[in-house]
Amino acid sequence: MDRSTSCQQISDPALRGVFECRELITLQGEAYPIRGTYHRARRERGIRERNPLGLVFLNSLSLPRTATGDSAVDWADSLAACGYPCFRVDLPGLGDSAGDLPSDLLNFINAGGFAPAVSNIARQITQRFDLGGVVIVGHCAGAVSALLAAERAPECKGLVLMDVYFHLPQAVRPTFRRHLSNWALRSPTGRVASNIYDRLRKLRMRFLTTTLPANANVPLLRCWSQIASSGQPILLLKAPARKAVGTKPRDGEFDYLQYAMKTAGPRSRVSLMFAEESDHSFATQTGRAAVRKEMTTWLESCFADEAKGALQNQ
Amino acid sequence: MTFKDWREDVQLLAEWLKNRTPTLPLLLHGLEIGAILAADTFTGGVADGLLLWSPPATANQALRSTLLRWTGLEQLLKPGAERVTAAHYIRQLEQGIAVEVEGYRWSPKLWHESFEWKMPAAFLPPHKDVTVTHHSVRSVNLPRQAAPLIRGGFVGYDEVKNFDWLFAEEAPWIEAQAASRFQTQP
């Protein structure tokens, strides 16, 4: 739709402002065009105007680029208002971007299937919008793609990883297992059985504290270690999980976040934040607000000093 | 967020598409509440065909279905003491308190208005195919396998599903509507 025409037809000045600050963009994909939305930075930021830092939001698994409850739109709008140009893109085969998705999408992502596409997007956005680099923002499976892409994208200056996971979950669980999970969730007896199972696993974990579980995503952990130890700023956002307390996993599960923090090395600049009163989607009003606040604070603390330093050097 | 705003959006887009390519057929396609909005726009005469997936009798029926699906999942993931039923949220809405569902804020106004937004009875299943002023309308109730597009399936929906089959079943009908439009053109 022609934006000037559409804006004339919108009577509410506030809404007109929203549409004028967004633009649909097309990037060159390997096989098909990649579609996205560009949220223009609104507030003047002085030094950062010269080579601003952009934020690239990735899809979470198969969700479109709006994310649950349009939460990604909300974050991109508010961060653009703070001076950061934001880009929400649909990876090949997702949302508006054409492409053939593999039937085992989760395994494809966990093996870094989207990493080349994400690094290509980071490069094109940086060049086309004359940016100093980008921060890649990923949620859940999107966080896995962000991390694996960062390794090969020199334009990536930082990462925001929301509820990232370092294990290899089963893409499709056997029917029996799904029935068992449903029973454990729904029935009082099932919940008791589930608690006993957790305690037995916790007991077993005591004897296996030094080794990674068999389903650990070792290449991803290796990539994490390399990126984190290089000193690249990383914000880890963790949402409350079922039967878990704070950033700790539920009883009997391996504490990947603790492991990741340990292996990040002394030069690392990793911030771990817990988004209280949220859920895995981070799309509740409290979850959104927490992400907005944490990201804004983190961006200011990590990149404001660098921008000032760059200006002084000039 | 009101039904009236959504209807205006659908009408604006349909008219824009029609004006942009007047020689091409325009089919409207809606799922649940989208079906009501599509039907509403279709009766204005802008489109050449209408495909409805799981059309509810009223928008409220679709809101309730969404609420049940969401609370079902929410309840299972929360400890017993924190669990809240769909009936509790409905009471809140009826008492004038907004609730948050799947990241969206549902206002009491939206809830009350949803009773007034109805699907024309002639478009509801079991009338699968009907003709309205020489244009075809197809109405289909999606099966359980179409979850999570509709209510059903397992908690968490950890499968990435291929929905090609949904479109494959309707493709011949869509092609027929397009062909019919070209035949009637002068």
# chains A, B, ... in the order shown; residues from 1 in each chain; ligands from 1
>>> residues_around(residues="segment 36-50 of chain B", least_positions_apart="3", cutoff="8 Å", atoms="only C-alpha atoms", output="JSON, numbers by chain")
{"B": [6, 7, 10, 11, 14, 15, 18, 25, 26, 27, 28, 29, 30, 32, 33, 55, 56, 58, 59, 117, 118, 119, 120, 135, 136, 137, 138, 177, 181]}
>>> select_by_dssp(residues="segment 144-244 of chain A", states="strand (DSSP E or B)", output="JSON, numbers by chain")
{"A": [156, 157, 158, 159, 160, 161, 162, 167, 216, 233, 234, 235, 236, 237, 238]}
>>> write_last_selection(atoms="N, CA and C atoms", output="PDB file, in the first residue's frame")
ATOM      1  N   CYS A 156      27.900  -8.138  13.781  1.00  0.00           N
ATOM      2  CA  CYS A 156      27.186  -8.350  15.037  1.00  0.00           C
ATOM      3  C   CYS A 156      28.024  -7.810  16.195  1.00  0.00           C
ATOM      4  N   LYS A 157      27.487  -6.794  16.882  1.00  0.00           N
ATOM      5  CA  LYS A 157      28.218  -6.150  17.975  1.00  0.00           C
ATOM      6  C   LYS A 157      27.695  -6.562  19.346  1.00  0.00           C
ATOM      7  N   GLY A 158      26.596  -7.280  19.366  1.00  0.00           N
ATOM      8  CA  GLY A 158      26.042  -7.713  20.646  1.00  0.00           C
ATOM      9  C   GLY A 158      24.869  -8.646  20.427  1.00  0.00           C
ATOM     10  N   LEU A 159      24.486  -9.322  21.499  1.00  0.00           N
ATOM     11  CA  LEU A 159      23.388 -10.295  21.395  1.00  0.00           C
ATOM     12  C   LEU A 159      22.413 -10.126  22.550  1.00  0.00           C
ATOM     13  N   VAL A 160      21.128 -10.243  22.225  1.00  0.00           N
ATOM     14  CA  VAL A 160      20.116 -10.348  23.278  1.00  0.00           C
ATOM     15  C   VAL A 160      19.468 -11.712  23.101  1.00  0.00           C
ATOM     16  N   LEU A 161      19.647 -12.584  24.076  1.00  0.00           N
ATOM     17  CA  LEU A 161      19.156 -13.963  23.976  1.00  0.00           C
ATOM     18  C   LEU A 161      18.069 -14.180  25.034  1.00  0.00           C
ATOM     19  N   MET A 162      16.851 -14.363  24.554  1.00  0.00           N
ATOM     20  CA  MET A 162      15.722 -14.516  25.470  1.00  0.00           C
ATOM     21  C   MET A 162      15.350 -15.999  25.571  1.00  0.00           C
ATOM     22  N   HIS A 167      20.279 -27.219  25.010  1.00  0.00           N
ATOM     23  CA  HIS A 167      20.150 -28.664  24.801  1.00  0.00           C
ATOM     24  C   HIS A 167      19.442 -28.904  23.469  1.00  0.00           C
ATOM     25  N   ALA A 216      23.048 -32.382  25.321  1.00  0.00           N
ATOM     26  CA  ALA A 216      23.575 -31.014  25.227  1.00  0.00           C
ATOM     27  C   ALA A 216      23.906 -30.684  23.769  1.00  0.00           C
ATOM     28  N   PRO A 233      29.301  -7.964  24.111  1.00  0.00           N
ATOM     29  CA  PRO A 233      28.217  -7.823  25.098  1.00  0.00           C
ATOM     30  C   PRO A 233      27.040  -8.756  24.790  1.00  0.00           C
ATOM     31  N   ILE A 234      26.601  -9.458  25.814  1.00  0.00           N
ATOM     32  CA  ILE A 234      25.470 -10.386  25.658  1.00  0.00           C
ATOM     33  C   ILE A 234      24.501 -10.169  26.820  1.00  0.00           C
ATOM     34  N   LEU A 235      23.244 -10.016  26.469  1.00  0.00           N
ATOM     35  CA  LEU A 235      22.204  -9.938  27.498  1.00  0.00           C
ATOM     36  C   LEU A 235      21.391 -11.222  27.445  1.00  0.00           C
ATOM     37  N   LEU A 236      21.395 -11.957  28.551  1.00  0.00           N
ATOM     38  CA  LEU A 236      20.591 -13.178  28.660  1.00  0.00           C
ATOM     39  C   LEU A 236      19.343 -12.838  29.466  1.00  0.00           C
ATOM     40  N   LEU A 237      18.189 -13.044  28.869  1.00  0.00           N
ATOM     41  CA  LEU A 237      16.939 -12.801  29.590  1.00  0.00           C
ATOM     42  C   LEU A 237      16.273 -14.137  29.859  1.00  0.00           C
ATOM     43  N   LYS A 238      15.901 -14.341  31.089  1.00  0.00           N
ATOM     44  CA  LYS A 238      15.310 -15.632  31.475  1.00  0.00           C
ATOM     45  C   LYS A 238      13.911 -15.382  32.020  1.00  0.00           C
TER      46      LYS A 238
END
>>> closest_residue(among="A:Cys86, A:Ala150, A:Ala111, A:Leu79", to="Arg292 of chain A", atoms="only C-alpha atoms")
A:Leu79
>>> residues_around(residues="segment 94-109 of chain B", least_positions_apart="6", cutoff="9 Å", atoms="only C-alpha atoms", output="PDB file with C-alpha atoms, in the first residue's frame")
ATOM      1  CA  THR A  68       3.330 -13.490  20.353  1.00  0.00           C
ATOM      2  CA  GLY A  69       0.747 -10.767  20.893  1.00  0.00           C
ATOM      3  CA  ASP A  70       2.727  -8.389  18.628  1.00  0.00           C
ATOM      4  CA  SER A  71       5.342  -8.157  21.379  1.00  0.00           C
ATOM      5  CA  SER A 281       6.711 -15.722  25.455  1.00  0.00           C
ATOM      6  CA  PHE A 282       7.692 -12.527  27.370  1.00  0.00           C
ATOM      7  CA  ALA A 283       4.502 -11.166  25.772  1.00  0.00           C
ATOM      8  CA  THR A 284       2.530 -10.407  28.927  1.00  0.00           C
ATOM      9  CA  GLN A 285       2.359  -6.725  29.842  1.00  0.00           C
ATOM     10  CA  ARG A 288       7.143  -6.808  27.746  1.00  0.00           C
TER      11      ARG A 288
ATOM     12  CA  MET B   1      -8.927  -2.546  19.453  1.00  0.00           C
ATOM     13  CA  THR B   2     -12.580  -2.838  18.380  1.00  0.00           C
ATOM     14  CA  THR B  66      -9.470 -18.645  22.424  1.00  0.00           C
ATOM     15  CA  LEU B  67      -9.853 -18.012  26.150  1.00  0.00           C
ATOM     16  CA  TRP B  70      -5.208 -20.133  26.492  1.00  0.00           C
ATOM     17  CA  THR B  71      -6.326 -20.782  30.075  1.00  0.00           C
TER      18      THR B  71
END
>>> atom_distance(atom1="atom CA of Phe114 of chain A", atom2="atom CA of Asn162 of chain B")
18.7 Å
>>> select_by_dssp(residues="segment 80-135 of chain B", states="alpha helix (DSSP H)", output="number ranges by chain")
B: 86-94, 108-114
>>> closest_residue(among="B:Asp164, B:Ala146, B:Leu51, B:Tyr89", to="Thr131 of chain B", atoms="only C-alpha atoms")
B:Leu51
>>> closest_residue(among="A:Gln127, A:Asp104, A:Ala115, A:Arg40", to="Phe87 of chain A", atoms="only C-alpha atoms")
A:Arg40
>>> atom_distance(atom1="atom CA of Asn60 of chain B", atom2="atom CA of Leu110 of chain B")
9.2 Å
